[in-house]
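As provided, work23.txt (compact mmCIF, C-alpha atoms) reads as follows.
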```txt
# COMPACT_ATOMS: atom_id res chain seq x y z
CA GLU H 1 -37.44 153.32 -3.16
CA ASP H 2 -40.54 151.75 -1.60
CA GLN H 3 -39.81 148.59 0.36
CA VAL H 4 -42.10 145.93 1.77
CA THR H 5 -40.82 143.14 4.04
CA GLN H 6 -42.97 140.29 5.25
CA SER H 7 -42.25 137.90 8.12
CA PRO H 8 -42.08 135.09 8.76
CA GLU H 9 -41.44 133.61 5.30
CA ALA H 10 -43.31 130.48 6.33
CA LEU H 11 -45.56 129.60 9.25
CA ARG H 12 -46.95 126.27 10.30
CA LEU H 13 -49.88 126.26 12.73
CA GLN H 14 -52.07 123.64 14.29
CA GLU H 15 -55.76 124.07 13.59
CA GLY H 16 -57.13 126.53 16.15
CA GLU H 17 -53.71 128.00 17.00
CA SER H 18 -53.97 131.78 16.52
CA SER H 19 -51.03 133.82 15.22
CA SER H 20 -50.05 136.99 13.36
CA LEU H 21 -48.26 137.78 10.12
CA ASN H 22 -46.17 140.93 9.83
CA CYS H 23 -45.70 143.38 6.97
CA SER H 24 -43.25 146.21 7.54
CA TYR H 25 -42.94 148.97 4.96
CA THR H 26 -40.81 151.95 4.08
CA VAL H 27 -42.56 154.37 1.77
CA SER H 28 -42.88 158.07 1.24
CA GLY H 29 -46.52 158.94 1.66
CA LEU H 30 -48.64 155.83 2.03
CA ARG H 31 -51.82 155.89 -0.05
CA GLY H 32 -52.99 152.40 0.85
CA LEU H 33 -51.84 149.02 2.16
CA PHE H 34 -53.40 145.88 0.71
CA TRP H 35 -53.55 142.28 1.89
CA TYR H 36 -54.05 139.45 -0.60
CA ARG H 37 -54.33 135.70 -0.34
CA GLN H 38 -52.72 133.56 -3.04
CA ASP H 39 -53.41 129.85 -3.48
CA PRO H 40 -50.96 127.69 -5.48
CA GLY H 41 -51.36 128.20 -9.24
CA LYS H 42 -53.84 131.05 -8.75
CA GLY H 43 -53.76 134.82 -8.86
CA PRO H 44 -53.84 136.87 -5.65
CA GLU H 45 -57.29 137.35 -4.13
CA PHE H 46 -58.01 140.70 -2.51
CA LEU H 47 -58.68 140.64 1.26
CA PHE H 48 -58.35 144.14 2.78
CA THR H 49 -57.32 147.73 2.15
CA LEU H 50 -56.03 149.90 5.00
CA TYR H 51 -55.50 153.62 4.49
CA SER H 52 -54.31 155.16 7.74
CA ALA H 53 -52.61 154.27 11.03
CA GLY H 54 -55.03 152.88 13.58
CA GLU H 55 -57.39 151.45 11.01
CA GLU H 56 -58.60 147.84 11.39
CA LYS H 57 -60.56 145.56 9.07
CA GLU H 58 -62.05 142.12 9.80
CA LYS H 59 -63.32 139.26 7.71
CA GLU H 60 -64.21 135.92 9.27
CA ARG H 61 -61.06 134.66 11.06
CA LEU H 62 -58.83 137.42 9.67
CA LYS H 63 -58.17 140.86 11.11
CA ALA H 64 -55.79 143.40 9.59
CA THR H 65 -54.31 146.34 11.49
CA LEU H 66 -52.07 149.23 10.45
CA THR H 67 -49.48 151.43 12.15
CA LYS H 68 -47.17 154.01 10.59
CA LYS H 69 -44.48 151.39 9.98
CA GLU H 70 -46.18 148.02 9.74
CA SER H 71 -49.32 146.02 9.32
CA PHE H 72 -50.39 142.80 10.97
CA LEU H 73 -52.70 140.12 9.71
CA HIS H 74 -54.10 138.31 12.73
CA ILE H 75 -55.52 134.84 12.19
CA THR H 76 -57.84 133.61 14.93
CA ALA H 77 -58.50 129.87 15.31
CA PRO H 78 -57.29 129.05 11.79
CA LYS H 79 -58.65 126.16 9.76
CA PRO H 80 -56.83 124.07 7.12
CA GLU H 81 -58.62 126.01 4.38
CA ASP H 82 -56.76 129.13 5.52
CA SER H 83 -53.55 127.57 4.20
CA ALA H 84 -52.19 129.88 1.47
CA THR H 85 -49.56 132.52 0.83
CA TYR H 86 -50.52 135.91 2.21
CA LEU H 87 -49.17 138.91 0.31
CA CYS H 88 -48.90 142.48 1.52
CA ALA H 89 -48.64 145.40 -0.91
CA VAL H 90 -48.35 149.17 -0.59
CA GLN H 91 -49.25 152.04 -2.84
CA ALA H 92 -47.38 155.26 -2.17
CA HIS H 93 -47.00 158.76 -3.52
CA SER H 94 -43.33 158.18 -4.34
CA GLY H 95 -44.09 155.15 -6.49
CA GLY H 96 -45.67 157.06 -9.30
CA TYR H 97 -49.32 156.91 -9.99
CA GLN H 98 -50.97 153.51 -9.80
CA LYS H 99 -47.79 151.60 -8.81
CA VAL H 100 -48.11 148.98 -6.09
CA THR H 101 -45.11 147.28 -4.45
CA PHE H 102 -45.55 143.73 -3.17
CA GLY H 103 -43.77 141.82 -0.43
CA THR H 104 -42.63 138.23 -1.00
CA GLY H 105 -45.39 136.84 1.18
CA THR H 106 -45.85 134.52 4.15
CA LYS H 107 -46.67 130.93 3.31
CA LEU H 108 -49.14 129.68 5.92
CA GLN H 109 -49.83 126.01 6.51
CA VAL H 110 -52.58 124.99 8.95
CA ILE H 111 -52.38 121.39 10.10
CA PRO H 112 -55.62 119.56 11.07
CA ASP D 1 -69.64 137.26 -12.34
CA ALA D 2 -67.39 140.11 -13.33
CA MET D 3 -63.83 138.91 -13.55
CA VAL D 4 -60.35 138.97 -15.05
CA ILE D 5 -59.65 136.12 -17.46
CA GLN D 6 -56.23 135.10 -18.71
CA ASN D 7 -55.54 132.81 -21.64
CA PRO D 8 -53.99 130.40 -21.93
CA ARG D 9 -53.46 129.09 -18.39
CA TYR D 10 -50.32 127.27 -19.51
CA GLN D 11 -48.09 128.23 -22.41
CA VAL D 12 -45.01 126.42 -23.66
CA THR D 13 -42.78 128.08 -26.21
CA GLN D 14 -39.33 127.60 -27.62
CA PHE D 15 -36.31 129.70 -26.79
CA GLY D 16 -36.47 132.80 -28.98
CA LYS D 17 -39.94 132.12 -30.40
CA PRO D 18 -42.35 135.06 -29.89
CA VAL D 19 -45.31 134.46 -27.63
CA THR D 20 -48.43 136.46 -26.75
CA LEU D 21 -50.43 136.21 -23.55
CA SER D 22 -53.91 137.66 -23.30
CA CYS D 23 -56.07 139.17 -20.60
CA SER D 24 -59.70 140.24 -20.69
CA GLN D 25 -61.89 141.85 -18.05
CA THR D 26 -65.59 142.38 -17.50
CA LEU D 27 -65.09 144.78 -14.57
CA ASN D 28 -64.87 147.85 -16.82
CA HIS D 29 -61.80 149.00 -14.88
CA ASN D 30 -59.70 151.71 -16.49
CA VAL D 31 -56.33 150.48 -15.21
CA MET D 32 -54.74 147.21 -16.32
CA TYR D 33 -51.42 145.75 -15.12
CA TRP D 34 -49.01 143.00 -16.10
CA TYR D 35 -46.89 141.34 -13.42
CA GLN D 36 -44.22 138.67 -13.60
CA GLN D 37 -44.06 136.29 -10.64
CA LYS D 38 -41.36 133.66 -10.16
CA SER D 39 -41.50 130.91 -7.59
CA SER D 40 -41.59 132.20 -3.98
CA GLN D 41 -41.06 135.79 -5.18
CA ALA D 42 -43.19 138.90 -5.06
CA PRO D 43 -45.14 139.83 -8.17
CA LYS D 44 -42.98 142.23 -10.17
CA LEU D 45 -44.76 144.97 -12.09
CA LEU D 46 -43.80 145.07 -15.77
CA PHE D 47 -46.10 147.85 -16.99
CA HIS D 48 -49.59 149.23 -16.67
CA TYR D 49 -52.17 151.13 -18.66
CA TYR D 50 -54.16 154.00 -17.21
CA ASP D 51 -56.89 154.08 -19.86
CA LYS D 52 -54.76 154.25 -23.04
CA ASP D 53 -51.80 155.80 -21.27
CA PHE D 54 -48.97 153.23 -21.23
CA ASN D 55 -46.51 153.20 -18.32
CA ASN D 56 -43.39 151.06 -18.53
CA GLU D 57 -41.34 150.20 -15.44
CA ALA D 58 -37.72 151.33 -15.78
CA ASP D 59 -36.32 147.82 -15.34
CA THR D 60 -38.73 146.03 -17.69
CA PRO D 61 -36.66 144.48 -20.50
CA ASP D 62 -37.25 145.73 -24.05
CA ASN D 63 -38.12 142.14 -24.91
CA PHE D 64 -41.50 142.71 -23.23
CA GLN D 65 -44.18 144.73 -25.01
CA SER D 66 -47.86 145.31 -24.36
CA ARG D 67 -50.96 146.31 -26.29
CA ARG D 68 -54.36 147.45 -25.09
CA PRO D 69 -56.69 147.69 -28.08
CA ASN D 70 -59.74 148.54 -25.95
CA THR D 71 -60.88 148.78 -22.31
CA SER D 72 -61.55 145.06 -21.99
CA PHE D 73 -58.42 143.50 -23.48
CA CYS D 74 -54.71 143.69 -22.85
CA PHE D 75 -51.88 141.63 -24.36
CA LEU D 76 -48.35 140.84 -23.26
CA ASP D 77 -45.91 140.14 -26.10
CA ILE D 78 -42.53 138.55 -25.41
CA ARG D 79 -40.52 139.01 -28.58
CA SER D 80 -37.65 136.59 -27.97
CA PRO D 81 -38.22 134.57 -24.80
CA GLY D 82 -35.17 133.45 -22.87
CA LEU D 83 -34.93 130.77 -20.21
CA GLY D 84 -35.08 133.48 -17.54
CA ASP D 85 -38.52 134.54 -18.73
CA ALA D 86 -40.13 131.33 -17.50
CA ALA D 87 -42.58 132.48 -14.84
CA MET D 88 -46.22 133.06 -13.96
CA TYR D 89 -47.60 136.16 -15.68
CA LEU D 90 -50.42 137.87 -13.84
CA CYS D 91 -52.87 140.40 -15.23
CA ALA D 92 -54.69 142.71 -12.84
CA THR D 93 -57.20 145.54 -13.08
CA SER D 94 -58.29 148.36 -10.84
CA ARG D 95 -60.61 151.33 -10.93
CA ALA D 96 -59.05 154.75 -10.64
CA THR D 97 -60.90 158.03 -10.90
CA HIS D 98 -57.72 160.11 -10.88
CA LYS D 99 -54.02 159.51 -11.17
CA GLY D 100 -52.65 158.02 -7.97
CA GLY D 101 -55.87 156.31 -6.89
CA ASN D 102 -55.76 153.65 -4.22
CA GLN D 103 -58.31 151.04 -5.26
CA PRO D 104 -57.40 147.35 -4.81
CA GLN D 105 -56.32 145.29 -7.79
CA HIS D 106 -58.28 142.32 -9.09
CA PHE D 107 -56.15 139.54 -10.51
CA GLY D 108 -56.63 136.82 -13.07
CA ASP D 109 -55.36 133.32 -12.35
CA GLY D 110 -52.26 133.87 -14.47
CA THR D 111 -50.52 132.20 -17.38
CA ARG D 112 -47.64 129.91 -16.52
CA LEU D 113 -45.01 130.25 -19.24
CA SER D 114 -42.43 127.54 -19.86
CA ILE D 115 -39.47 127.93 -22.22
CA LEU D 116 -37.96 124.91 -23.96
```
Structure rendered as structure tokens:
Amino acid sequence: EDQVTQSPEALRLQEGESSSLNCSYTVSGLRGLFWYRQDPGKGPEFLFTLYSAGEEKEKERLKATLTKKESFLHITAPKPEDSATYLCAVQAHSGGYQKVTFGTGTKLQVIP
Amino acid sequence: DAMVIQNPRYQVTQFGKPVTLSCSQTLNHNVMYWYQQKSSQAPKLLFHYYDKDFNNEADTPDNFQSRRPNTSFCFLDIRSPGLGDAAMYLCATSRATHKGGNQPQHFGDGTRLSIL
């Protein structure tokens, strides 16, 4: 069974204090790893897709990286508006077509 | 802007009273999903449609049904809601050109269901 584990569950940062969120996964045949941002009372908002180990994607203060066992979401000099829950999800061959398995997320709070 | 729209945003129903949640999309995506998300938990896939092909997750209760009358619309029917069905219900879409595609999902803002 595909498994996705995110850590930490919650993270509190001062504005400007860089850090990383972790997503470790156990799947048979990764097809893609996705990062989403979810604000309270809203649906997840797509951030990045990573397909293979060594791949990196960047968007503003966020950078996502991928290895064969885990992905990191690096946040550089975060601002209060970066506060949200960040979800990681994987799509794998073993999950049946189109199935995506989500982690429980990391709740990020950035203090001014 | 192309998007995924869920109605209503908030739904209150009584224990055992059937309820229907709706989702529409203007993205023209061929795959549509329904997820259940409870507080501080991961979204849990209930079922998805690949075009008209319906795929039910093994652990989705029989109480949950879905309809997709056309590409743009999808409905979630809960036949006899119990207290444990109170949650946020998320609809998502993606584009797939073949089975097993790896395109990202686009989500609506969800319907929060409360059971009295």
> Using only C-alpha atoms, which residue out of H:Leu47, H:Val27, H:Ile111, H:Leu66 lies closest to chain D?
Replying inline: H:Leu47
>> Give me, as a ChimeraX atom specification, the residues of chain D touching chain H, with the criterion being at most 12 Å (counting all atoms listed in the file).
In response: /D:3-6,9-10,30-51,53-58,87-112
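Note that the spacing between atom CA of Gln3 of chain H and atom CA of Ser19 of chain H amounts to 23.8 Å.
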Specify the axis-aligned box that encloses all atoms of segment 72-80 of chain H listed in the file after padding of 3 Å on each side, stating its centre and edge lengths in Å to one decimal as JSON.
```
{"center_x": -54.5, "center_y": 133.4, "center_z": 11.2, "size_x": 14.3, "size_y": 24.7, "size_z": 14.2}
```
> D:Thr71, D:Pro81, D:Leu116, D:Leu76: which is nearest Pro8 of chain D, counting only C-alpha atoms?
Replying inline: D:Leu76
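Taking atom CA of Ser83 of chain H as the reference point, atom CA of Ser18 of chain H is found at 13.0 Å.
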